[in-house]
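> Got a file for you: data05.cif, mmCIF, C-alpha atoms and all ligand atoms.
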data_entry
loop_
_atom_site.label_atom_id
_atom_site.label_comp_id
_atom_site.auth_asym_id
_atom_site.auth_seq_id
_atom_site.Cartn_x
_atom_site.Cartn_y
_atom_site.Cartn_z
CA MET A 26 -40.17 35.89 -106.22
CA ALA A 27 -40.74 32.96 -103.83
CA GLU A 28 -39.93 35.19 -100.83
CA ASN A 29 -42.97 37.38 -101.73
CA THR A 30 -45.46 34.52 -101.35
CA PRO A 31 -46.11 34.89 -97.58
CA ALA A 32 -46.71 38.64 -98.04
CA LEU A 33 -49.16 37.97 -100.88
CA GLU A 34 -50.95 35.35 -98.79
CA THR A 35 -51.23 37.84 -95.91
CA LEU A 36 -52.64 40.46 -98.30
CA ALA A 37 -55.14 37.98 -99.74
CA SER A 38 -56.39 36.92 -96.30
CA LEU A 39 -56.57 40.56 -95.18
CA ARG A 40 -58.64 41.36 -98.26
CA ALA A 41 -60.95 38.37 -97.63
CA TYR A 42 -61.36 39.46 -94.00
CA LEU A 43 -62.22 43.06 -94.97
CA GLU A 44 -64.71 41.84 -97.58
CA GLU A 45 -66.35 39.64 -94.97
CA LEU A 46 -66.63 42.58 -92.57
CA ARG A 47 -68.19 44.69 -95.33
CA ASP A 48 -70.69 41.90 -96.09
CA THR A 49 -71.70 41.80 -92.43
CA GLY A 50 -72.54 45.50 -92.32
CA VAL A 51 -69.29 47.06 -91.14
CA GLU A 52 -68.89 50.29 -93.09
CA ALA A 53 -65.73 51.75 -91.59
CA ILE A 54 -62.76 50.74 -89.48
CA PRO A 55 -61.39 53.23 -86.99
CA LEU A 56 -57.95 54.64 -87.58
CA ALA A 57 -55.61 52.80 -85.21
CA VAL A 58 -52.42 54.65 -86.14
CA PRO A 59 -51.27 56.90 -83.26
CA LEU A 60 -51.29 60.55 -84.36
CA PRO A 61 -48.45 62.93 -83.49
CA ALA A 62 -49.14 65.03 -80.39
CA GLY A 63 -51.35 68.01 -81.24
CA ALA A 64 -52.34 66.66 -84.66
CA GLU A 65 -55.99 67.02 -85.68
CA ARG A 66 -57.86 63.70 -85.69
CA SER A 67 -59.42 63.68 -89.14
CA VAL A 68 -61.39 60.43 -88.67
CA PRO A 69 -64.30 60.67 -86.19
CA GLU A 70 -64.39 58.27 -83.24
CA GLN A 71 -66.57 55.30 -84.18
CA ALA A 72 -66.68 53.29 -80.98
CA SER A 73 -69.67 51.17 -81.96
CA VAL A 74 -68.18 50.32 -85.38
CA GLU A 75 -64.96 49.33 -83.68
CA SER A 76 -66.81 47.14 -81.24
CA LEU A 77 -68.93 45.36 -83.85
CA CYS A 78 -65.79 44.86 -85.84
CA SER A 79 -63.95 43.27 -82.96
CA ILE A 80 -66.94 41.10 -82.04
CA ARG A 81 -67.04 39.81 -85.63
CA SER A 82 -63.36 39.20 -85.52
CA ASP A 83 -63.67 37.33 -82.19
CA LEU A 84 -66.29 35.06 -83.75
CA GLY A 85 -63.92 34.19 -86.58
CA GLU A 86 -64.80 31.01 -88.44
CA CYS A 87 -66.92 29.98 -85.47
CA GLY A 88 -67.08 26.31 -84.53
CA ARG A 89 -68.25 26.77 -80.94
CA CYS A 90 -71.28 24.51 -81.57
CA GLY A 91 -72.18 21.84 -84.10
CA LEU A 92 -73.88 24.30 -86.46
CA GLY A 93 -70.47 25.51 -87.61
CA ALA A 94 -70.08 22.23 -89.51
CA THR A 95 -73.42 22.43 -91.35
CA ARG A 96 -73.83 26.13 -92.19
CA THR A 97 -72.95 27.68 -95.55
CA ASN A 98 -72.41 31.19 -94.17
CA LEU A 99 -72.30 32.62 -90.69
CA VAL A 100 -74.96 35.36 -90.49
CA PHE A 101 -73.57 38.02 -88.17
CA GLY A 102 -76.13 40.82 -88.60
CA VAL A 103 -76.66 43.73 -90.94
CA GLY A 104 -77.45 47.41 -90.80
CA ASN A 105 -76.51 50.57 -88.99
CA PRO A 106 -73.91 50.10 -86.21
CA ASP A 107 -75.45 53.14 -84.48
CA ALA A 108 -79.05 52.04 -84.99
CA ARG A 109 -81.75 53.38 -82.68
CA LEU A 110 -83.71 50.17 -83.22
CA VAL A 111 -82.57 46.53 -83.46
CA PHE A 112 -84.66 43.57 -84.63
CA VAL A 113 -83.73 40.13 -83.29
CA GLY A 114 -85.07 36.99 -84.95
CA GLU A 115 -84.53 33.31 -84.27
CA ALA A 116 -81.90 31.92 -86.62
CA PRO A 117 -80.98 32.10 -90.31
CA GLY A 118 -83.16 30.09 -92.68
CA ARG A 119 -82.16 28.62 -96.02
CA ASP A 120 -82.01 31.93 -97.92
CA GLU A 121 -80.10 33.66 -95.12
CA ASP A 122 -77.64 30.76 -94.89
CA PHE A 123 -76.96 31.07 -98.63
CA GLN A 124 -76.62 34.84 -98.65
CA GLY A 125 -75.00 35.46 -95.25
CA GLU A 126 -77.59 38.14 -94.42
CA PRO A 127 -80.51 37.94 -91.97
CA PHE A 128 -84.14 38.17 -93.06
CA VAL A 129 -83.72 38.13 -96.84
CA GLY A 130 -86.39 35.48 -97.62
CA GLU A 131 -90.16 35.89 -97.74
CA ALA A 132 -90.43 36.62 -93.99
CA GLY A 133 -87.59 39.12 -94.44
CA GLN A 134 -89.49 40.97 -97.15
CA LEU A 135 -92.43 41.32 -94.79
CA LEU A 136 -90.06 42.53 -92.06
CA THR A 137 -88.71 45.17 -94.46
CA LYS A 138 -92.30 46.39 -95.03
CA ILE A 139 -92.87 46.60 -91.26
CA ILE A 140 -89.61 48.57 -90.85
CA GLN A 141 -90.67 50.98 -93.60
CA ALA A 142 -94.17 51.36 -92.15
CA MET A 143 -92.47 52.42 -88.91
CA GLY A 144 -90.73 55.25 -90.75
CA PHE A 145 -87.28 53.64 -91.04
CA SER A 146 -85.31 52.17 -93.91
CA ARG A 147 -83.72 48.73 -93.59
CA GLU A 148 -80.31 50.43 -93.60
CA GLU A 149 -81.19 52.67 -90.65
CA VAL A 150 -81.94 49.79 -88.27
CA TYR A 151 -79.87 46.73 -87.34
CA ILE A 152 -81.13 43.19 -87.94
CA CYS A 153 -79.74 40.01 -86.39
CA ASN A 154 -80.74 36.70 -84.83
CA VAL A 155 -80.25 34.82 -81.57
CA LEU A 156 -78.30 32.17 -83.55
CA LYS A 157 -75.81 33.07 -86.24
CA CYS A 158 -75.94 29.74 -88.08
CA ARG A 159 -78.83 27.86 -89.65
CA PRO A 160 -80.06 24.80 -87.74
CA PRO A 161 -80.37 21.93 -90.26
CA GLN A 162 -83.88 21.70 -91.75
CA ASN A 163 -84.76 24.80 -89.69
CA ARG A 164 -85.18 22.69 -86.55
CA ASN A 165 -85.51 24.49 -83.22
CA PRO A 166 -82.25 25.84 -81.78
CA GLN A 167 -80.81 23.60 -79.06
CA PRO A 168 -79.62 24.83 -75.61
CA PRO A 169 -75.86 24.35 -76.28
CA GLU A 170 -76.22 26.36 -79.51
CA ILE A 171 -77.98 29.20 -77.68
CA GLU A 172 -75.41 29.09 -74.87
CA ALA A 173 -72.55 29.41 -77.36
CA CYS A 174 -74.16 32.13 -79.48
CA GLU A 175 -76.20 34.45 -77.24
CA PRO A 176 -73.16 36.11 -75.60
CA PHE A 177 -72.22 37.47 -79.05
CA LEU A 178 -75.73 38.87 -79.55
CA LEU A 179 -75.54 40.58 -76.18
CA ARG A 180 -72.16 42.07 -77.08
CA GLN A 181 -73.60 43.32 -80.39
CA LEU A 182 -76.52 44.95 -78.59
CA LYS A 183 -74.22 46.57 -76.06
CA ALA A 184 -72.00 47.86 -78.86
CA ILE A 185 -74.93 49.32 -80.79
CA SER A 186 -76.70 50.50 -77.63
CA PRO A 187 -80.08 50.97 -79.35
CA GLU A 188 -83.01 52.80 -77.79
CA ALA A 189 -85.23 49.75 -78.35
CA VAL A 190 -85.14 46.11 -79.43
CA ILE A 191 -87.99 44.33 -81.16
CA CYS A 192 -87.72 40.59 -80.82
CA LEU A 193 -89.52 38.51 -83.34
CA GLY A 194 -91.36 35.35 -82.36
CA THR A 195 -91.61 32.88 -79.52
CA PHE A 196 -88.09 31.57 -79.62
CA ALA A 197 -86.30 34.95 -79.56
CA ALA A 198 -88.62 36.34 -76.89
CA GLN A 199 -88.40 33.29 -74.61
CA THR A 200 -84.63 33.03 -75.00
CA LEU A 201 -83.84 36.68 -74.36
CA LEU A 202 -86.32 37.02 -71.49
CA ARG A 203 -85.47 33.63 -69.92
CA THR A 204 -89.09 32.57 -69.75
CA LYS A 205 -91.47 29.93 -71.04
CA GLU A 206 -94.38 32.39 -71.25
CA PRO A 207 -96.10 32.19 -74.65
CA ILE A 208 -95.46 35.02 -77.11
CA SER A 209 -99.18 35.88 -76.95
CA ARG A 210 -98.61 36.88 -73.28
CA LEU A 211 -95.20 38.48 -73.76
CA ARG A 212 -96.06 40.72 -76.72
CA GLY A 213 -97.62 44.15 -76.45
CA LYS A 214 -95.56 45.40 -73.52
CA PHE A 215 -91.99 46.48 -72.97
CA HIS A 216 -89.57 44.22 -71.07
CA ASN A 217 -86.09 45.06 -69.84
CA TYR A 218 -83.18 43.37 -71.64
CA HIS A 219 -79.94 44.46 -69.98
CA GLY A 220 -81.31 47.98 -69.63
CA ILE A 221 -82.72 48.16 -73.19
CA PRO A 222 -86.52 48.35 -73.67
CA LEU A 223 -87.48 45.17 -75.51
CA MET A 224 -90.81 44.66 -77.27
CA PRO A 225 -91.67 41.09 -78.25
CA THR A 226 -94.01 40.63 -81.19
CA PHE A 227 -95.07 37.90 -83.59
CA HIS A 228 -92.52 36.60 -86.12
CA PRO A 229 -93.09 37.72 -89.74
CA ALA A 230 -93.14 34.05 -90.82
CA PHE A 231 -96.08 33.54 -88.44
CA LEU A 232 -97.76 36.61 -89.98
CA LEU A 233 -97.41 35.08 -93.45
CA ARG A 234 -99.48 32.13 -92.19
CA ASN A 235 -101.80 34.24 -90.02
CA PRO A 236 -102.27 37.61 -91.74
CA ALA A 237 -105.06 38.54 -89.30
CA MET A 238 -102.39 38.93 -86.59
CA LYS A 239 -100.83 41.89 -88.43
CA ARG A 240 -103.13 44.10 -86.39
CA GLU A 241 -101.41 42.97 -83.14
CA VAL A 242 -97.96 43.50 -84.61
CA TRP A 243 -98.91 47.00 -85.78
CA SER A 244 -100.13 47.81 -82.28
CA ASP A 245 -96.82 46.50 -80.79
CA VAL A 246 -94.60 48.43 -83.20
CA GLN A 247 -96.66 51.59 -82.68
CA GLN A 248 -95.62 51.50 -79.02
CA VAL A 249 -91.99 51.35 -80.17
CA MET A 250 -92.59 54.19 -82.64
CA LYS A 251 -93.99 56.27 -79.80
CA LEU A 252 -90.91 55.55 -77.68
CA LEU A 253 -88.68 56.64 -80.59
CA GLY A 254 -90.76 59.71 -81.45
CA LYS A 255 -91.76 58.17 -84.80
CA ASP A 256 -95.48 58.45 -84.12
CA GLN A 257 -95.66 62.15 -85.03
CA ALA A 258 -96.97 62.92 -88.53
CA THR A 259 -94.13 64.30 -90.68
N1 LIG A 301 -86.26 33.85 -89.63
C1 LIG A 301 -85.48 34.33 -88.63
O1 LIG A 301 -85.81 34.23 -87.46
N2 LIG A 301 -84.33 34.92 -88.98
C2 LIG A 301 -83.94 35.08 -90.23
O2 LIG A 301 -82.87 35.66 -90.45
C3 LIG A 301 -84.77 34.59 -91.25
C4 LIG A 301 -85.93 33.99 -90.93
#
Any chance you could give the structure as C-alpha cells?

Amino acid sequence: MAENTPALETLASLRAYLEELRDTGVEAIPLAVPLPAGAERSVPEQASVESLCSIRSDLGECGRCGLGATRTNLVFGVGNPDARLVFVGEAPGRDEDFQGEPFVGEAGQLLTKIIQAMGFSREEVYICNVLKCRPPQNRNPQPPEIEACEPFLLRQLKAISPEAVICLGTFAAQTLLRTKEPISRLRGKFHNYHGIPLMPTFHPAFLLRNPAMKREVWSDVQQVMKLLGKDQAT
C-alpha cells in the first residue's frame, strides 16, 4: 500500500485546505469542471466567492511580515461574501488570534450588538481587519506590516464590492484614508475608499471604555443605514 501514501497525503492536505476555507467564511466553491456544450449550468455563478477563495489561497501560510512567526491563526475575515456592508477593524487581538475569527472578544460582542441594531445579522455582513495577524501584546501595527497586508484587504473589498464600509477606530481610518487626521474629525461623514463609501467611527473597544460615545457611533451608523435603506421602520 506504500504507493497510496502520496495520494492520501494529497487528500489530507486538500481536506485541511477546505476546512480552513470554511473556517474563514467561504461557503461554496464554484464548479470549475467544463460543462458539455449546451448543458445547463446547475451551479450559479459565484464570482465573489471565487475571488475570496483565491485571495485566501494566495495568502497561504503567510509569512510576508514578521507577524507570521508570532501568530497562532491568520484571521482572514468572516461573513457573507456578497455582503452589502463590511466592517474593518485594526488587527486581531488575543481571542481572535486563538479562534481565527475577527471580533469575537468583548469588543466583538459589542460590534455584534451594533450590527443587530442596524438591522443586520453578523452573518449578513462581512467583518475583517487591516492586519490579518495579531501584533504581539496588541502593539500598534508597523508600516511594513500594513504594506504587506493592506493589498489583501483591498482585494477582499473589491471581491465583495459592498455598498458601504464602516471602519472602526483611529488606526483603520487613518490607514485606509492615508491621513493623520484624528478619528474625531474623520467620523460622521462618508469618505471615498476606491469608489466605496466609507464611514469611519469609534472602535468598539474605545466604546467599552467610553460608553458616552455610543451616541456618536449611533449617529454615524444611522447615516450608513440611510444609505442602505435600513432606516425605514419595518
Ligand atoms: N479589535 C480589532 O480591531 N479587530 C479584532 O478583530 C478584534 C479586536
> So how far away is CA of Glu148 in chain A from CA of Phe231 in chain A, in Å?
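Distance between the two atoms: 23.7 Å.
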> Which protein, DNA or RNA residues have an atom within 10 Å of ligand LIG 301 (chain A), counting only C-alpha atoms and all ligand atoms, as a VMD selection string?
chain A and resid 100 to 102 112 to 122 125 to 134 136 152 to 159 163 192 to 197 228 to 231
> Can you list, as a ChimeraX atom specification, every protein, DNA or RNA residue that comes within 10 Å of range 252-255 of chain A when you count all atoms listed in the file, leaving out same-chain residues fewer than 4 positions away?
/A:109-110,143-145,188-189,222,246-248,259
> Quick check, in Å to one decimal: how far apart do CA of Gln124 in chain A and CA of Trp243 in chain A lie?
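Computing the Euclidean distance for CA of Gln124 in chain A and CA of Trp243 in chain A yields 28.5 Å.
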> In Å to one decimal, how far is CA of Met224 in chain A from CA of Arg164 in chain A?
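Result for CA of Arg164 in chain A versus CA of Met224 in chain A: 24.5 Å, one decimal.
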